[in-house]
Amino acid sequence: MQELKYNEAELVGMLKQRTQSAFNYLYDNYSASLYTVILSILQDKELANDTLQEVFIKIWRQIEQYNPDKGRLFTWMVNISRNASIDILRSKDYHSQKQNRELTENVYNAASTVNIETDKIGLRKIISNLKDDQKILIELAYFQGYTQDEISKFLNMPLGTVKTRLRNALIQLRGLLKR
Amino acid sequence: MNIKDYIESGIIESHVLGLTTAEEAAEVEAMAKEHTEIKQAILDFEILLENQTNKDLIQPDASVKTNLNNILFAANSSEKNITSSQVNAASVHHINLSRYIAAAAIILLIISSGLNFYFYSAFKNSTDKYQALLTERNTLQANNAAYKTKLDEINQSLGMMEDPHMVKIQMNGVKGKEENIATVYWDTRTKEVYVLSNKMDKLPEGKQYQLWAIVDGKPVDAGMIGFDCAGLCKMKVINHAEAFAVTLEKQGGSPTPTLSDMVVIGKVS
């Protein structure tokens, strides 16, 4: 990753000044990261671009709500991106939209959304190294945005078991990230 | 639960990935405030994730940045801080371009509205003119029909004049009205009488010419000469007469001729 000109605290200060230059700095240095996160969830370039735009508007408008005591700016922005992506995933017209697009793609073979190998980018790349039952839990919880309660019902597994297994999977994940 | 166990429980990872419930999140935040080790553990995992995320980046469409600059700064593009090297010259150019396009669109709209008005006026004008022409054409057609009728009458008259069975009696102007001439055409077979006003004085207001047949020395009404008669005007049937005369009478005629107002007279030869 490229060397950043400003650290997060400086960047937050600049963003609160609400200058266009601060915005463009933010975008130039973080858009690819956030886009990759969004793409790993939505797995559709067109939708991901739309969502990224929405996410940057949220970040710009909600920067005052960012509290550095609670975590890094990067984490905050990733969580906004993930939540926005899951909202899209859950939206009523997402499925019909996707269906329509797939039909269109069959006809025109649009290059923009074909063959995104999201399994080879970011967090998904690491998760592919986990055991299948752990992979499923992280897929449902992180990438699909289901609550542990929902997963418990979905997998017909006690909530406590879901919680424990998910946490174990995450500890495994951290181990893999450290390597 | 000691701090180390807490850190190893997986709750830190759940929290950073946004997988905790609101209560769990509040708990982690409270613990992080109290214990720097927990805070550090959170930061460590955040950085691990961040580095992993940044390993294989995919670039979004360039249009996203352009759109965002338009959305967030369109009303404020004169902002002084644009001088920063971070500002993508292309996006500023794009804003300007958008404005030019917007301005051009407005100008075109105004021109188009103007043209609409112009064309509507022209159309209205044409319609009015067309209506006027239509009226004029109808008038001309009516006139034409009238002329045609008159022409037919004249042709018919000419035909009758050339008919060998027609007796022609020329009536000349009486003393003082010598310039007046009229002619009676009398069909020897049907005894129908026609009169031709060759040259008659213009009628005074309220007056009309009346034809008389002189039968056995007495004037017999032979009909009024119509105002609109073009050629030979058909009069009454007269079986026998020594002479014909025209007098100037009040409109509609008189039962007896006003002899002082006789205009022309001609004897049947």
# chains A, B, ... in the order shown; residues from 1 in each chain; ligands from 1
$ closest_atom_pairs --of "chain A" --to "chain B" --cutoff "7 Å" --atoms "only C-alpha atoms" --output "tab-separated table"
residue	atom	partner	partner_atom	distance
A:Met1	CA	B:Asn54	CA	6.4
A:Thr19	CA	B:Asn81	CA	6.3
A:Gln20	CA	B:Ile82	CA	6.3
A:Ser21	CA	B:Ile82	CA	5.6
A:Asn24	CA	B:Val87	CA	5.8
A:Tyr25	CA	B:Gln86	CA	5.5
A:Ala32	CA	B:Gln59	CA	4.9
A:Ser33	CA	B:Asn54	CA	5.9
A:Tyr35	CA	B:Pro60	CA	6.1
A:Thr36	CA	B:Ile58	CA	5.7
A:Asn49	CA	B:Pro60	CA	6.1
A:Gln53	CA	B:Val64	CA	5.8
A:Lys70	CA	B:Glu29	CA	6.5
A:Thr75	CA	B:Glu46	CA	6.5
A:Asn79	CA	B:Gly18	CA	6.6
A:Ile121	CA	B:Asp56	CA	5.5
A:Gly122	CA	B:Thr53	CA	4.4
A:Leu123	CA	B:Thr53	CA	6.4
A:Ala141	CA	B:Leu19	CA	6.8
A:Tyr142	CA	B:Leu19	CA	6.8
A:Arg167	CA	B:Gly10	CA	4.6
A:Asn168	CA	B:Gly10	CA	6.5
A:Leu170	CA	B:Gly10	CA	6.1
A:Ile171	CA	B:Gly10	CA	5.5
A:Leu177	CA	B:Leu48	CA	6.2
A:Lys178	CA	B:Leu48	CA	7.0
$ select_by_dssp --residues "range 16-216 of chain B" --states "strand (DSSP E)" --output "ChimeraX atom specification"
/B:166-173,181-187,192-199,207-215
$ residues_around --residues "His240 in chain B" --least-positions-apart "6" --cutoff "9 Å" --atoms "only C-alpha atoms" --output "list in words"
Lys191, Ala213, Ile214, Val215 and Asp216 of chain B
$ write_last_selection --atoms "N, CA, C and O atoms" --output "PDB file, in the first residue's frame"
ATOM      1  N   LYS B 191     -96.147  32.407 -79.167  1.00  0.00           N
ATOM      2  CA  LYS B 191     -96.615  33.758 -78.844  1.00  0.00           C
ATOM      3  C   LYS B 191     -95.935  34.308 -77.579  1.00  0.00           C
ATOM      4  O   LYS B 191     -96.414  35.253 -76.960  1.00  0.00           O
ATOM      5  N   ALA B 213     -98.207  45.839 -74.637  1.00  0.00           N
ATOM      6  CA  ALA B 213     -98.588  45.466 -76.016  1.00  0.00           C
ATOM      7  C   ALA B 213     -99.797  46.337 -76.396  1.00  0.00           C
ATOM      8  O   ALA B 213    -100.698  46.519 -75.580  1.00  0.00           O
ATOM      9  N   ILE B 214     -99.726  46.917 -77.561  1.00  0.00           N
ATOM     10  CA  ILE B 214    -100.878  47.737 -77.992  1.00  0.00           C
ATOM     11  C   ILE B 214    -101.786  46.822 -78.820  1.00  0.00           C
ATOM     12  O   ILE B 214    -101.411  46.372 -79.911  1.00  0.00           O
ATOM     13  N   VAL B 215    -102.886  46.496 -78.217  1.00  0.00           N
ATOM     14  CA  VAL B 215    -103.816  45.566 -78.856  1.00  0.00           C
ATOM     15  C   VAL B 215    -105.110  46.328 -79.151  1.00  0.00           C
ATOM     16  O   VAL B 215    -105.750  46.818 -78.218  1.00  0.00           O
ATOM     17  N   ASP B 216    -105.437  46.381 -80.449  1.00  0.00           N
ATOM     18  CA  ASP B 216    -106.639  47.118 -80.859  1.00  0.00           C
ATOM     19  C   ASP B 216    -106.652  48.519 -80.265  1.00  0.00           C
ATOM     20  O   ASP B 216    -107.669  49.001 -79.748  1.00  0.00           O
TER      21      ASP B 216
END
$ closest_residue --among "A:Leu42, A:Val162, A:Leu11, A:Ile63" --to "Ala84 in chain A" --atoms "only C-alpha atoms"
A:Leu42
$ atom_distance --atom1 "CA of Ile225 in chain B" --atom2 "CA of Ser254 in chain B"
12.7 Å
$ select_by_dssp --residues "range 33-166 of chain B" --states "helix (DSSP H, G or I)" --output "ChimeraX atom specification"
/B:33-34,36-53,62-76,80-83,89-162
$ residues_around --residues "Met166 in chain B" --least-positions-apart "2" --cutoff "10 Å" --atoms "only C-alpha atoms" --output "short mmCIF file (atom, residue, chain, number, x, y, z; two decimals) with N, CA, C and O atoms, in the first residue's frame"
data_model
loop_
_atom_site.label_atom_id
_atom_site.label_comp_id
_atom_site.auth_asym_id
_atom_site.auth_seq_id
_atom_site.Cartn_x
_atom_site.Cartn_y
_atom_site.Cartn_z
N MET B 160 -82.13 32.44 -79.56
CA MET B 160 -83.50 32.84 -79.90
C MET B 160 -83.51 33.93 -80.96
O MET B 160 -84.36 33.95 -81.84
N MET B 161 -82.54 34.86 -80.85
CA MET B 161 -82.48 35.96 -81.81
C MET B 161 -82.26 35.46 -83.22
O MET B 161 -82.75 36.01 -84.19
N GLU B 162 -81.49 34.36 -83.30
CA GLU B 162 -81.20 33.81 -84.63
C GLU B 162 -82.30 32.89 -85.15
O GLU B 162 -82.28 32.45 -86.29
N ASP B 163 -83.25 32.60 -84.23
CA ASP B 163 -84.34 31.69 -84.61
C ASP B 163 -85.23 32.34 -85.68
O ASP B 163 -85.76 33.43 -85.45
N PRO B 164 -85.43 31.69 -86.84
CA PRO B 164 -86.26 32.30 -87.92
C PRO B 164 -87.73 32.46 -87.54
O PRO B 164 -88.44 33.25 -88.15
N LYS B 168 -88.83 40.10 -84.89
CA LYS B 168 -88.04 41.11 -84.19
C LYS B 168 -88.68 42.48 -84.35
O LYS B 168 -88.94 42.91 -85.47
N ILE B 169 -89.04 43.12 -83.26
CA ILE B 169 -89.63 44.46 -83.32
C ILE B 169 -88.72 45.43 -82.58
O ILE B 169 -88.56 45.33 -81.35
N VAL B 184 -88.18 43.83 -79.09
CA VAL B 184 -89.07 42.75 -78.70
C VAL B 184 -88.86 41.59 -79.66
O VAL B 184 -88.76 41.78 -80.86
N TYR B 185 -88.69 40.40 -79.11
CA TYR B 185 -88.63 39.18 -79.90
C TYR B 185 -89.89 38.41 -79.58
O TYR B 185 -90.19 38.13 -78.43
N TRP B 186 -90.62 38.09 -80.61
CA TRP B 186 -91.96 37.50 -80.42
C TRP B 186 -92.01 36.18 -81.15
O TRP B 186 -91.87 36.12 -82.38
N ASP B 187 -92.18 35.12 -80.38
CA ASP B 187 -92.20 33.79 -80.98
C ASP B 187 -93.54 33.58 -81.67
O ASP B 187 -94.58 33.62 -81.02
N THR B 188 -93.47 33.38 -82.99
CA THR B 188 -94.71 33.25 -83.76
C THR B 188 -95.44 31.95 -83.46
O THR B 188 -96.63 31.82 -83.70
N ARG B 189 -94.73 30.97 -82.91
CA ARG B 189 -95.39 29.69 -82.64
C ARG B 189 -96.03 29.70 -81.24
O ARG B 189 -97.17 29.33 -81.07
N THR B 190 -95.25 30.10 -80.23
CA THR B 190 -95.77 30.02 -78.87
C THR B 190 -96.39 31.33 -78.40
O THR B 190 -97.02 31.36 -77.35
N LYS B 191 -96.15 32.41 -79.17
CA LYS B 191 -96.62 33.76 -78.84
C LYS B 191 -95.94 34.31 -77.58
O LYS B 191 -96.41 35.25 -76.96
N GLU B 192 -94.87 33.72 -77.23
CA GLU B 192 -94.11 34.23 -76.07
C GLU B 192 -93.36 35.47 -76.49
O GLU B 192 -92.87 35.57 -77.61
N VAL B 193 -93.31 36.40 -75.57
CA VAL B 193 -92.65 37.68 -75.86
C VAL B 193 -91.38 37.81 -75.01
O VAL B 193 -91.39 37.50 -73.82
N TYR B 194 -90.30 38.22 -75.67
CA TYR B 194 -89.04 38.49 -74.98
C TYR B 194 -88.64 39.91 -75.30
O TYR B 194 -88.93 40.41 -76.40
#
$ residues_around --residues "range 247-250 of chain B" --least-positions-apart "3" --cutoff "10 Å" --atoms "only C-alpha atoms" --output "count of residues only"
24
$ residues_around --residues "Ile181 in chain B" --least-positions-apart "3" --cutoff "9 Å" --atoms "only C-alpha atoms" --output "VMD selection string"
chain B and resid 170 to 173 178 196 to 200 263 to 265
$ write_last_selection --atoms "N, CA and C atoms" --output "PDB file, in the first residue's frame"
ATOM      1  N   GLN B 170     -88.081  46.306 -83.362  1.00  0.00           N
ATOM      2  CA  GLN B 170     -87.189  47.271 -82.707  1.00  0.00           C
ATOM      3  C   GLN B 170     -87.999  48.438 -82.198  1.00  0.00           C
ATOM      4  N   MET B 171     -87.779  48.809 -80.910  1.00  0.00           N
ATOM      5  CA  MET B 171     -88.481  49.957 -80.312  1.00  0.00           C
ATOM      6  C   MET B 171     -87.476  51.069 -80.140  1.00  0.00           C
ATOM      7  N   ASN B 172     -87.803  52.212 -80.762  1.00  0.00           N
ATOM      8  CA  ASN B 172     -86.883  53.349 -80.702  1.00  0.00           C
ATOM      9  C   ASN B 172     -87.339  54.369 -79.673  1.00  0.00           C
ATOM     10  N   GLY B 173     -86.419  55.185 -79.233  1.00  0.00           N
ATOM     11  CA  GLY B 173     -86.707  56.208 -78.232  1.00  0.00           C
ATOM     12  C   GLY B 173     -87.693  57.241 -78.744  1.00  0.00           C
ATOM     13  N   GLU B 178     -84.360  59.840 -77.426  1.00  0.00           N
ATOM     14  CA  GLU B 178     -83.996  59.190 -78.679  1.00  0.00           C
ATOM     15  C   GLU B 178     -82.858  58.166 -78.547  1.00  0.00           C
ATOM     16  N   LEU B 196     -85.363  42.751 -75.188  1.00  0.00           N
ATOM     17  CA  LEU B 196     -83.936  43.000 -75.019  1.00  0.00           C
ATOM     18  C   LEU B 196     -83.731  44.495 -74.834  1.00  0.00           C
ATOM     19  N   SER B 197     -83.098  44.850 -73.691  1.00  0.00           N
ATOM     20  CA  SER B 197     -82.827  46.271 -73.456  1.00  0.00           C
ATOM     21  C   SER B 197     -81.494  46.607 -74.105  1.00  0.00           C
ATOM     22  N   ASN B 198     -81.571  47.012 -75.378  1.00  0.00           N
ATOM     23  CA  ASN B 198     -80.317  47.314 -76.090  1.00  0.00           C
ATOM     24  C   ASN B 198     -79.576  48.444 -75.426  1.00  0.00           C
ATOM     25  N   LYS B 199     -80.330  49.497 -75.187  1.00  0.00           N
ATOM     26  CA  LYS B 199     -79.686  50.693 -74.617  1.00  0.00           C
ATOM     27  C   LYS B 199     -80.773  51.492 -73.936  1.00  0.00           C
ATOM     28  N   MET B 200     -80.853  51.422 -72.666  1.00  0.00           N
ATOM     29  CA  MET B 200     -81.916  52.104 -71.932  1.00  0.00           C
ATOM     30  C   MET B 200     -81.290  52.990 -70.862  1.00  0.00           C
ATOM     31  N   VAL B 263     -90.854  55.493 -73.003  1.00  0.00           N
ATOM     32  CA  VAL B 263     -89.437  55.622 -73.344  1.00  0.00           C
ATOM     33  C   VAL B 263     -89.198  55.200 -74.791  1.00  0.00           C
ATOM     34  N   VAL B 264     -89.674  53.997 -75.122  1.00  0.00           N
ATOM     35  CA  VAL B 264     -89.489  53.510 -76.504  1.00  0.00           C
ATOM     36  C   VAL B 264     -90.813  52.943 -77.019  1.00  0.00           C
ATOM     37  N   ILE B 265     -90.924  52.889 -78.322  1.00  0.00           N
ATOM     38  CA  ILE B 265     -92.102  52.281 -78.941  1.00  0.00           C
ATOM     39  C   ILE B 265     -91.728  51.760 -80.331  1.00  0.00           C
TER      40      ILE B 265
END
